[in-house]
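Listing of query39.txt; format and content: compact mmCIF, C-alpha atoms and all ligand atoms.
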```txt
# COMPACT_ATOMS: atom_id res chain seq x y z
CA MET X 1 -66.61 112.44 -17.28
CA ILE X 2 -67.68 113.31 -13.74
CA ARG X 3 -70.92 111.98 -12.31
CA SER X 4 -72.67 112.79 -9.00
CA VAL X 5 -72.93 109.45 -7.23
CA VAL X 6 -75.44 108.84 -4.43
CA LEU X 7 -73.44 107.62 -1.43
CA GLY X 8 -76.27 107.59 1.07
CA CYS X 9 -79.76 108.70 1.97
CA GLY X 10 -81.50 109.71 5.20
CA GLY X 11 -84.89 110.82 6.41
CA TYR X 12 -86.31 112.34 9.56
CA LEU X 13 -89.87 112.81 10.81
CA PRO X 14 -90.74 114.75 13.95
CA GLU X 15 -92.22 112.79 16.87
CA LYS X 16 -95.71 114.27 16.93
CA LYS X 17 -98.03 112.16 14.82
CA VAL X 18 -101.32 113.80 13.78
CA THR X 19 -103.98 111.44 12.45
CA ASN X 20 -107.00 112.34 10.36
CA LYS X 21 -109.10 111.64 13.47
CA ASP X 22 -107.06 114.26 15.35
CA LEU X 23 -107.90 116.79 12.62
CA GLU X 24 -111.60 115.85 12.88
CA GLN X 25 -111.45 117.33 16.40
CA ILE X 26 -110.39 120.77 15.20
CA MET X 27 -112.09 121.20 11.81
CA GLU X 28 -115.06 120.09 9.72
CA THR X 29 -113.47 117.12 7.99
CA SER X 30 -113.49 113.33 8.12
CA ASP X 31 -111.00 110.50 7.95
CA ASP X 32 -113.10 109.02 5.11
CA TRP X 33 -112.93 112.20 3.00
CA ILE X 34 -109.18 112.64 3.48
CA VAL X 35 -108.35 108.98 2.75
CA GLU X 36 -110.65 108.76 -0.26
CA ARG X 37 -109.56 112.06 -1.88
CA THR X 38 -105.85 111.99 -1.02
CA GLY X 39 -104.69 108.65 0.45
CA ILE X 40 -103.39 110.48 3.55
CA ARG X 41 -103.97 108.82 6.92
CA GLN X 42 -101.56 110.73 9.16
CA ARG X 43 -98.78 113.31 9.10
CA TYR X 44 -96.10 114.55 11.53
CA PHE X 45 -95.82 118.06 12.96
CA ALA X 46 -92.63 119.57 14.34
CA ALA X 47 -92.62 120.40 18.06
CA GLU X 48 -92.63 123.95 19.35
CA GLY X 49 -89.04 125.20 19.07
CA GLN X 50 -88.12 122.53 16.50
CA TYR X 51 -87.19 124.21 13.24
CA THR X 52 -86.73 123.19 9.62
CA SER X 53 -82.94 123.19 10.13
CA ASP X 54 -83.32 120.74 13.05
CA LEU X 55 -85.16 118.30 10.80
CA ALA X 56 -82.61 118.86 8.01
CA ILE X 57 -79.71 118.21 10.40
CA GLU X 58 -81.24 114.92 11.63
CA ALA X 59 -81.89 113.70 8.08
CA SER X 60 -78.37 114.72 7.05
CA ARG X 61 -76.78 112.85 9.97
CA GLN X 62 -78.59 109.71 8.86
CA ALA X 63 -77.59 110.23 5.24
CA LEU X 64 -73.94 110.73 6.23
CA ALA X 65 -73.97 107.61 8.43
CA ASN X 66 -75.55 105.67 5.58
CA ALA X 67 -72.91 107.04 3.19
CA GLY X 68 -70.05 106.27 5.58
CA LEU X 69 -68.78 109.82 5.08
CA ASP X 70 -67.71 112.29 7.74
CA ALA X 71 -69.46 115.69 7.74
CA SER X 72 -66.04 117.35 7.56
CA GLU X 73 -65.85 116.09 3.93
CA ILE X 74 -69.00 117.98 2.87
CA ASP X 75 -68.13 121.06 0.81
CA LEU X 76 -71.59 121.92 -0.55
CA VAL X 77 -74.97 122.09 1.19
CA ILE X 78 -78.18 122.86 -0.68
CA VAL X 79 -81.57 122.82 1.05
CA GLY X 80 -84.86 122.85 -0.83
CA THR X 81 -87.33 124.54 1.50
CA THR X 82 -90.31 126.90 1.54
CA THR X 83 -90.39 127.11 5.32
CA PRO X 84 -86.93 128.32 6.41
CA ASP X 85 -86.25 128.94 10.12
CA ARG X 86 -85.88 132.64 9.40
CA THR X 87 -86.22 134.82 6.33
CA PHE X 88 -82.42 134.77 6.32
CA PRO X 89 -79.81 133.34 6.68
CA ALA X 90 -80.38 130.19 4.64
CA VAL X 91 -81.19 126.94 6.45
CA ALA X 92 -78.24 125.42 4.56
CA THR X 93 -75.77 127.64 6.43
CA ARG X 94 -77.09 126.43 9.79
CA VAL X 95 -76.89 122.83 8.60
CA GLN X 96 -73.30 123.40 7.41
CA ALA X 97 -72.21 124.80 10.79
CA ALA X 98 -74.15 122.31 12.93
CA LEU X 99 -72.74 119.29 11.11
CA GLY X 100 -69.19 120.62 10.91
CA ALA X 101 -69.05 120.69 7.11
CA VAL X 102 -66.14 122.55 5.47
CA PRO X 103 -66.30 126.19 6.68
CA GLY X 104 -66.27 128.60 3.75
CA SER X 105 -67.76 126.11 1.29
CA PRO X 106 -71.01 127.10 -0.47
CA ALA X 107 -74.35 126.60 1.31
CA PHE X 108 -77.68 127.96 0.12
CA ASP X 109 -81.43 127.33 -0.02
CA VAL X 110 -83.53 126.73 -3.09
CA GLN X 111 -87.14 127.88 -3.24
CA ALA X 112 -89.17 125.80 -5.65
CA VAL X 113 -91.86 124.65 -3.18
CA CYS X 114 -92.70 120.95 -3.66
CA SER X 115 -90.16 120.67 -6.50
CA GLY X 116 -87.44 122.06 -4.19
CA PHE X 117 -85.53 118.80 -3.87
CA LEU X 118 -85.45 118.24 -7.65
CA TYR X 119 -84.19 121.81 -8.15
CA ALA X 120 -81.59 121.34 -5.38
CA LEU X 121 -80.52 118.06 -6.98
CA GLY X 122 -80.13 119.75 -10.37
CA ALA X 123 -78.06 122.59 -8.86
CA ALA X 124 -75.84 120.22 -6.86
CA ASP X 125 -75.32 117.89 -9.81
CA SER X 126 -74.23 120.80 -12.04
CA MET X 127 -71.85 122.13 -9.41
CA LEU X 128 -70.29 118.74 -8.74
CA ARG X 129 -69.84 118.03 -12.45
CA ASN X 130 -68.26 121.47 -12.89
CA GLY X 131 -65.70 120.76 -10.17
CA MET X 132 -67.10 123.36 -7.77
CA ALA X 133 -67.36 120.80 -4.96
CA LYS X 134 -66.55 117.17 -4.21
CA ASN X 135 -69.17 116.06 -1.68
CA ALA X 136 -72.65 117.57 -1.48
CA LEU X 137 -75.53 117.27 0.93
CA VAL X 138 -78.79 117.77 -0.95
CA ILE X 139 -81.71 118.20 1.39
CA GLY X 140 -85.46 118.75 1.26
CA ALA X 141 -86.76 119.99 4.61
CA GLU X 142 -90.04 121.59 5.67
CA THR X 143 -92.16 122.65 8.59
CA LEU X 144 -95.24 123.20 6.44
CA SER X 145 -97.45 123.00 9.54
CA ARG X 146 -96.23 126.53 10.38
CA ILE X 147 -97.91 128.03 7.31
CA LEU X 148 -101.18 126.08 7.44
CA ASP X 149 -104.45 127.81 8.19
CA PHE X 150 -106.37 125.34 10.34
CA GLU X 151 -109.58 127.14 9.45
CA ASP X 152 -109.04 126.16 5.80
CA ARG X 153 -109.88 122.46 5.57
CA THR X 154 -109.13 122.41 1.85
CA THR X 155 -105.38 122.76 2.53
CA ALA X 156 -104.77 122.06 6.25
CA VAL X 157 -105.37 118.31 5.95
CA LEU X 158 -102.87 117.83 3.14
CA PHE X 159 -99.46 118.72 4.54
CA GLY X 160 -96.92 117.51 7.09
CA ASP X 161 -93.38 118.20 8.32
CA GLY X 162 -90.18 116.25 7.68
CA ALA X 163 -86.80 116.17 5.99
CA GLY X 164 -84.89 113.95 3.60
CA ALA X 165 -81.23 114.15 2.58
CA VAL X 166 -78.93 112.64 0.01
CA VAL X 167 -75.10 112.62 -0.01
CA LEU X 168 -73.65 113.04 -3.49
CA GLN X 169 -69.99 112.57 -4.42
CA ALA X 170 -68.30 113.69 -7.65
CA ARG X 171 -66.64 110.63 -9.19
CA GLU X 172 -65.00 109.74 -12.48
CA SER X 173 -67.50 107.74 -14.53
CA ARG X 174 -67.83 106.17 -17.95
CA GLY X 175 -71.23 107.88 -17.97
CA GLY X 176 -73.28 104.90 -19.13
CA LEU X 177 -76.80 104.02 -18.04
CA GLU X 178 -75.37 101.15 -15.99
CA ASP X 179 -72.95 103.42 -14.12
CA PRO X 180 -74.02 104.85 -10.77
CA GLY X 181 -75.01 108.47 -10.30
CA VAL X 182 -77.40 111.19 -11.36
CA ILE X 183 -77.99 110.51 -15.05
CA SER X 184 -80.17 113.49 -15.90
CA VAL X 185 -82.30 116.18 -14.25
CA HIS X 186 -85.13 118.03 -16.04
CA LEU X 187 -86.56 121.19 -14.47
CA HIS X 188 -89.50 123.39 -15.46
CA ALA X 189 -91.50 126.39 -14.24
CA ASP X 190 -94.51 128.27 -15.54
CA GLY X 191 -95.06 131.49 -13.61
CA ARG X 192 -98.38 132.13 -15.32
CA TYR X 193 -99.84 129.83 -12.67
CA ASN X 194 -98.59 131.69 -9.55
CA ASP X 195 -102.18 132.18 -8.45
CA ILE X 196 -103.38 128.60 -8.19
CA LEU X 197 -100.97 127.59 -5.41
CA ASN X 198 -99.31 130.14 -3.14
CA THR X 199 -99.30 131.77 0.30
CA ASP X 200 -101.60 134.71 0.97
CA GLY X 201 -98.67 136.76 2.23
CA GLY X 202 -94.91 136.96 2.39
CA VAL X 203 -91.99 139.04 3.57
CA SER X 204 -92.23 141.80 1.00
CA MET X 205 -96.00 141.75 0.62
CA THR X 206 -97.31 141.52 4.18
CA ARG X 207 -94.21 141.25 6.40
CA THR X 208 -95.52 137.84 7.46
CA ALA X 209 -95.09 134.34 6.03
CA GLY X 210 -98.74 133.97 4.97
CA SER X 211 -100.75 130.74 4.80
CA VAL X 212 -101.00 128.11 2.07
CA ARG X 213 -103.80 128.70 -0.44
CA MET X 214 -104.61 126.32 -3.28
CA LEU X 215 -107.15 125.85 -6.02
CA GLY X 216 -106.95 122.10 -5.57
CA LYS X 217 -108.77 120.98 -8.70
CA GLU X 218 -106.71 123.31 -10.93
CA VAL X 219 -103.43 122.14 -9.42
CA PHE X 220 -104.54 118.52 -9.76
CA ARG X 221 -105.23 119.04 -13.47
CA HIS X 222 -101.77 120.55 -14.08
CA ALA X 223 -100.06 117.90 -11.94
CA VAL X 224 -101.43 115.01 -13.97
CA VAL X 225 -100.26 116.57 -17.26
CA ASN X 226 -96.92 118.04 -16.13
CA LEU X 227 -95.78 114.97 -14.23
CA HIS X 228 -96.61 112.66 -17.09
CA ASP X 229 -94.78 114.94 -19.52
CA VAL X 230 -91.64 115.29 -17.39
CA LEU X 231 -91.44 111.56 -16.73
CA LEU X 232 -91.64 110.87 -20.45
CA GLU X 233 -89.09 113.64 -21.13
CA THR X 234 -86.68 112.10 -18.61
CA LEU X 235 -87.05 108.60 -20.05
CA LYS X 236 -86.82 109.80 -23.65
CA ALA X 237 -83.68 111.85 -22.96
CA ASN X 238 -82.01 108.59 -21.99
CA GLY X 239 -83.52 106.38 -24.68
CA LEU X 240 -85.54 104.42 -22.12
CA THR X 241 -89.12 103.36 -21.57
CA ALA X 242 -90.84 103.16 -18.21
CA GLN X 243 -90.33 99.39 -18.23
CA ASP X 244 -86.54 99.90 -17.95
CA VAL X 245 -86.89 101.60 -14.57
CA ASP X 246 -86.82 99.73 -11.25
CA TRP X 247 -88.66 102.31 -9.15
CA VAL X 248 -90.62 105.53 -9.42
CA VAL X 249 -90.20 107.78 -6.37
CA PRO X 250 -92.89 110.42 -6.83
CA HIS X 251 -93.82 113.57 -4.98
CA GLN X 252 -96.39 112.55 -2.37
CA ALA X 253 -99.21 115.06 -2.88
CA ASN X 254 -102.17 112.85 -3.73
CA LEU X 255 -102.45 109.08 -4.15
CA ARG X 256 -104.84 109.60 -7.09
CA ILE X 257 -102.22 111.71 -8.90
CA ILE X 258 -99.56 109.06 -8.25
CA GLU X 259 -101.80 106.20 -9.40
CA GLY X 260 -102.93 108.10 -12.51
CA THR X 261 -99.37 109.03 -13.50
CA VAL X 262 -98.03 105.55 -12.99
CA LYS X 263 -100.91 103.91 -14.86
CA ARG X 264 -100.42 106.22 -17.86
CA LEU X 265 -96.77 105.15 -17.96
CA GLY X 266 -97.92 101.54 -18.10
CA LEU X 267 -96.34 100.72 -14.75
CA ASP X 268 -97.71 98.94 -11.72
CA MET X 269 -98.07 100.50 -8.24
CA SER X 270 -95.74 97.75 -6.98
CA GLN X 271 -92.92 99.74 -8.65
CA VAL X 272 -93.75 102.95 -6.79
CA ILE X 273 -92.53 104.09 -3.39
CA CYS X 274 -95.59 105.43 -1.65
CA THR X 275 -95.39 107.16 1.73
CA ILE X 276 -98.32 109.54 1.42
CA ASP X 277 -100.49 107.51 3.82
CA ARG X 278 -97.91 107.98 6.61
CA HIS X 279 -96.14 111.27 5.73
CA ALA X 280 -98.79 113.31 3.84
CA ASN X 281 -97.38 116.04 1.59
CA THR X 282 -94.08 117.25 3.07
CA SER X 283 -93.39 119.51 0.07
CA ALA X 284 -89.66 119.62 -0.76
CA ALA X 285 -88.98 116.82 1.73
CA SER X 286 -91.37 114.37 0.13
CA VAL X 287 -89.16 112.84 -2.58
CA PRO X 288 -85.94 112.37 -0.52
CA LEU X 289 -88.01 111.12 2.44
CA ALA X 290 -89.71 108.56 0.20
CA LEU X 291 -86.35 107.54 -1.28
CA ALA X 292 -84.82 107.16 2.19
CA ASP X 293 -87.89 105.19 3.29
CA GLY X 294 -87.65 102.90 0.26
CA MET X 295 -83.96 102.26 0.87
CA ALA X 296 -84.33 101.78 4.64
CA SER X 297 -87.08 99.20 4.09
CA GLY X 298 -84.83 97.30 1.68
CA LEU X 299 -87.18 97.75 -1.29
CA VAL X 300 -84.92 100.16 -3.17
CA LYS X 301 -81.44 98.69 -3.57
CA PRO X 302 -78.02 99.96 -4.63
CA GLY X 303 -77.56 99.52 -8.37
CA GLN X 304 -81.22 100.08 -9.22
CA LEU X 305 -82.55 102.69 -11.65
CA VAL X 306 -84.86 105.22 -10.03
CA LEU X 307 -87.11 107.85 -11.58
CA LEU X 308 -87.92 110.87 -9.40
CA GLU X 309 -90.63 113.49 -10.01
CA ALA X 310 -92.30 116.43 -8.27
CA MET X 311 -94.58 119.38 -8.92
CA GLY X 312 -95.42 122.39 -6.77
CA GLY X 313 -96.21 126.07 -6.49
CA GLY X 314 -94.92 128.35 -9.20
CA LEU X 315 -95.85 126.20 -10.92
CA THR X 316 -92.58 124.30 -10.81
CA TRP X 317 -91.97 120.68 -11.72
CA GLY X 318 -89.14 118.33 -12.50
CA GLY X 319 -87.94 114.80 -13.08
CA ALA X 320 -84.64 112.99 -12.58
CA LEU X 321 -83.13 109.63 -13.44
CA VAL X 322 -80.66 108.20 -10.96
CA ARG X 323 -78.70 104.94 -10.91
CA LEU X 324 -78.20 104.15 -7.20
O1 LIG S 401 -97.84 119.59 -3.58
C1 LIG S 401 -98.22 120.50 -4.55
C2 LIG S 401 -99.12 119.87 -5.51
N1 LIG S 401 -100.42 119.70 -4.89
C3 LIG S 401 -101.25 118.87 -5.44
O2 LIG S 401 -100.93 118.24 -6.41
C4 LIG S 401 -102.66 118.80 -4.88
C5 LIG S 401 -103.64 118.72 -6.02
N2 LIG S 401 -105.03 118.70 -5.62
C6 LIG S 401 -105.60 117.71 -4.91
O3 LIG S 401 -104.91 116.82 -4.46
C7 LIG S 401 -107.09 117.69 -4.76
O4 LIG S 401 -107.68 118.65 -5.60
C8 LIG S 401 -107.56 117.93 -3.30
C9 LIG S 401 -107.22 116.74 -2.45
C10 LIG S 401 -106.90 119.17 -2.73
C11 LIG S 401 -109.06 118.14 -3.26
O5 LIG S 401 -109.72 117.03 -3.83
P1 LIG S 401 -110.91 117.25 -4.87
O6 LIG S 401 -111.41 115.91 -5.24
O7 LIG S 401 -110.37 118.11 -5.97
O8 LIG S 401 -111.99 117.96 -4.01
P2 LIG S 401 -112.64 119.42 -4.16
O9 LIG S 401 -111.64 120.48 -3.85
O10 LIG S 401 -113.36 119.50 -5.45
O11 LIG S 401 -113.69 119.38 -3.00
C12 LIG S 401 -114.82 118.49 -3.05
C13 LIG S 401 -115.71 118.75 -1.86
C14 LIG S 401 -116.10 120.21 -1.68
O12 LIG S 401 -117.43 120.26 -1.23
P3 LIG S 401 -118.62 120.62 -2.25
O13 LIG S 401 -118.29 121.95 -2.84
O14 LIG S 401 -118.59 119.51 -3.27
O15 LIG S 401 -119.80 120.61 -1.36
C15 LIG S 401 -115.18 120.68 -0.58
O16 LIG S 401 -115.72 121.74 0.16
O17 LIG S 401 -115.01 118.36 -0.65
C16 LIG S 401 -115.05 119.45 0.28
N3 LIG S 401 -113.84 119.45 1.07
C17 LIG S 401 -113.68 118.75 2.21
N4 LIG S 401 -114.53 117.95 2.88
C18 LIG S 401 -114.04 117.38 4.00
C19 LIG S 401 -112.67 120.08 0.80
N5 LIG S 401 -111.75 119.81 1.75
C20 LIG S 401 -112.36 118.98 2.64
C21 LIG S 401 -111.94 118.35 3.82
N6 LIG S 401 -112.82 117.55 4.47
N7 LIG S 401 -110.69 118.49 4.31
```

Turn the structure described in the file into C-alpha cells.
Ligand code: UT7
Amino acid sequence: MIRSVVLGCGGYLPEKKVTNKDLEQIMETSDDWIVERTGIRQRYFAAEGQYTSDLAIEASRQALANAGLDASEIDLVIVGTTTPDRTFPAVATRVQAALGAVPGSPAFDVQAVCSGFLYALGAADSMLRNGMAKNALVIGAETLSRILDFEDRTTAVLFGDGAGAVVLQARESRGGLEDPGVISVHLHADGRYNDILNTDGGVSMTRTAGSVRMLGKEVFRHAVVNLHDVLLETLKANGLTAQDVDWVVPHQANLRIIEGTVKRLGLDMSQVICTIDRHANTSAASVPLALADGMASGLVKPGQLVLLEAMGGGLTWGGALVRL
C-alpha cells in the first residue's frame, strides 16, 4: 500500500509580538482575565504588507529544509486558511510559484477555519494514496488579526497570526501501526451551528471580509464534546487507547479545553504540545505550528505516534493519527 510519510515540518511566526498588556492599552481587558480564561499570554501579528502567503512560504521553506527536499519536487500544495491574501487566486498557487514547485501541479486552498489543517491533511493524504501526486506541502496559514474587531474584546484577545507546514511523501508501506506516515484522518462538519462562530460579513454577503463573531460559551461546549469524540474515534479506528500515543498535538484555542480533553482521555498534560501561551489561537495554523514547535524543541521525535485534533467554525472538527 501507499502511505503519506511526514518528511519534515516547519513553522513561522511574524516578528510583531503583542502581549496581553499591549491589548490592555487598546481595550477593556486584563492580562489576568485572558490568562485565567484562555491560557494566552501573547500572540504575533503580521506586519503591514505581510500576507498569509508570506507566512506560508516561510513555514514551507523551513519544512522543506527540515525534510531535505527541494521545492522543485513538490507536486501538490494545499493551504488551510480562512484569511487568504485575496478572495482569489488561492494562497496555495502563490506558494507554489514562490517556492518553485512543479508548475502545472495542483494547488488549492481549503476553508474549514480552525480545522483547516486537518482537512488539508485529509485531502493531501487521499491524493497521495491515489497516486495523484508524490510530494505534498500541507500548510495551515493565517493572518487572523486582519479580521478581528478590536472593539470586541470577547474575540479580539483570542487570535494571532502564523503558519505551519508539513512535507508529505507517498511511499510504499506495509501499512502497520509501527510504519511511518498518516495512519488515519477523521473529518466532520455540522452546518446547523454556522451561527455560533462566523464572520459578520463576506464576499457574497457584504463585499467585505467581515469580522470574527463568536458565542464563546456555546463553542466551548461543542469543542469539549466534539474533540473528545473525534479523539476516541481516531484511537478506536486503529484499535488503540490514549495510552498508546506518544503525543497529543491539539488545536490551541483555549487551555481549559485542552486540559479538559486530555484529562477525559486519561492522559497527562506532559504528553501534550501546548503553544497557546505564546501563539494564541492561529486557527488553521495552530496544529502544524504546534507540531513544528514540538519537533524543533526536540520533544516530539521521529518514530513517535502523534494524535492531532482541531475544531472550528462551521462547525468543523477532525482528528488524525500519524506515525512520525
Ligand atoms: O478556534 C475555534 C474554537 N474556539 C474555541 O474553542 C473558543 C471557545 N470558547 C472559549 O474559549 C471561551 O468561551 C472564551 C475564552 C471565549 C470566553 O470564556 P468564558 O469563560 O466562556 O467567558 P464568558 O464569555 O462567559 O465571559 C465572562 C465574562 C463576561 O462578563 P459578565 O457578563 O460575566 O459580566 C464577559 O463580558 O468575561 C467578560 N469578558 C472579558 N473580560 C475581560 C469577555 N471577554 C473579556 C475580555 N477581557 N477580553

Requested in this report: Please identify the residues whose atoms come within 7 Å of ligand LIG 401 (chain S), using only C-alpha atoms and all ligand atoms, and report them as number ranges by chain.
Outcome: X: 28-30, 33-34, 37-38, 114, 153-155, 157, 216-217, 219-220, 223, 253-254, 281, 283, 311-313

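Among the candidates X:Gly8, X:Ala133, X:Thr208, X:Met127, the residue lying nearest to Ala67 (chain X) is X:Gly8 (atoms considered: only C-alpha atoms).
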
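Among X:Gly131, X:Pro302, X:Gly140, X:Gly191, the residue with the shortest atom-to-atom distance to Ser53 (chain X), counting all atoms listed in the file, is X:Gly140.
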
Query - Nearest to Met214 (chain X) by atom-to-atom distance, counting only C-alpha atoms, from X:Val167, X:Gly314, X:Met295, X:Leu289 - result: X:Gly314

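Counting from CA of Trp247 (chain X), the distance to CA of Gln271 (chain X) is 5.0 Å.
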
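Note that CA of Ile2 (chain X) and CA of Glu172 (chain X) are 4.6 Å apart.
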
Report task. Go ahead and compute the interatomic distance for CA of Leu64 (chain X) and CA of Gln50 (chain X), in Å to one decimal. Result -> 21.1 Å

Need to verify the contact set: region 43-46 of chain X, 7 Å, only C-alpha atoms, exclusion of same-chain residues closer than 3 positions in sequence. Can you return it as a PDB file with C-alpha atoms, in the frame of the given file?
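So the final result, stored in around12.pdb, reads:
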```pdb
ATOM      1  CA  LEU X  13     -89.870 112.810  10.810  1.00  0.00           C
ATOM      2  CA  PRO X  14     -90.740 114.750  13.950  1.00  0.00           C
ATOM      3  CA  GLU X  15     -92.220 112.790  16.870  1.00  0.00           C
ATOM      4  CA  LYS X  16     -95.710 114.270  16.930  1.00  0.00           C
ATOM      5  CA  LYS X  17     -98.030 112.160  14.820  1.00  0.00           C
ATOM      6  CA  VAL X  18    -101.320 113.800  13.780  1.00  0.00           C
ATOM      7  CA  THR X  19    -103.980 111.440  12.450  1.00  0.00           C
ATOM      8  CA  GLN X  50     -88.120 122.530  16.500  1.00  0.00           C
ATOM      9  CA  THR X 143     -92.160 122.650   8.590  1.00  0.00           C
ATOM     10  CA  SER X 145     -97.450 123.000   9.540  1.00  0.00           C
ATOM     11  CA  GLY X 160     -96.920 117.510   7.090  1.00  0.00           C
ATOM     12  CA  ASP X 161     -93.380 118.200   8.320  1.00  0.00           C
ATOM     13  CA  ARG X 278     -97.910 107.980   6.610  1.00  0.00           C
ATOM     14  CA  HIS X 279     -96.140 111.270   5.730  1.00  0.00           C
ATOM     15  CA  ALA X 280     -98.790 113.310   3.840  1.00  0.00           C
TER      16      ALA X 280
END
```

Requested in this report: Go ahead and find all residues with at least one atom no further than 12 Å from (-87.3, 109.1, -21.6) in the file's coordinates, using all atoms listed in the file; report them as JSON, numbers by chain.
Outcome: {"X": [183, 184, 185, 186, 228, 229, 230, 231, 232, 233, 234, 235, 236, 237, 238, 239, 240, 241, 242, 243, 244, 245, 265, 307, 319, 320, 321]}

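Nearest to Gly294 (chain X) of all the residues X:Gln169, X:Cys9, X:Gln111, X:Asn130 is X:Cys9, based on all atoms listed in the file.
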
Query - Using all atoms listed in the file: which of X:Ile139, X:Val203, X:Leu291, X:Val248 has the shortest distance to Ser270 (chain X) - result: X:Val248

Query raised in the report: Can you find the residues with an atom no farther than 8 Å from (-90.3, 119.1, 2.2), counting only C-alpha atoms, and report them as an MDAnalysis selection string?
Result: chainID X and resid 80:82 113:114 116:117 140:144 161:164 281:287

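Of the listed residues (X:Ala65, X:Ala112, X:Ala120, X:Ile74), X:Ala112 comes nearest to Leu197 (chain X); the distances count all atoms listed in the file.
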
Return as lines of an AutoDock Vina configuration file the box centre and box size in Å, one decimal, for an axis-aligned box around all listed atoms of region 32-42 of chain X padded by 4 Å per side.
```
center_x = -107.3
center_y = 110.6
center_z = 3.6
size_x = 19.5
size_y = 12.0
size_z = 19.0
```
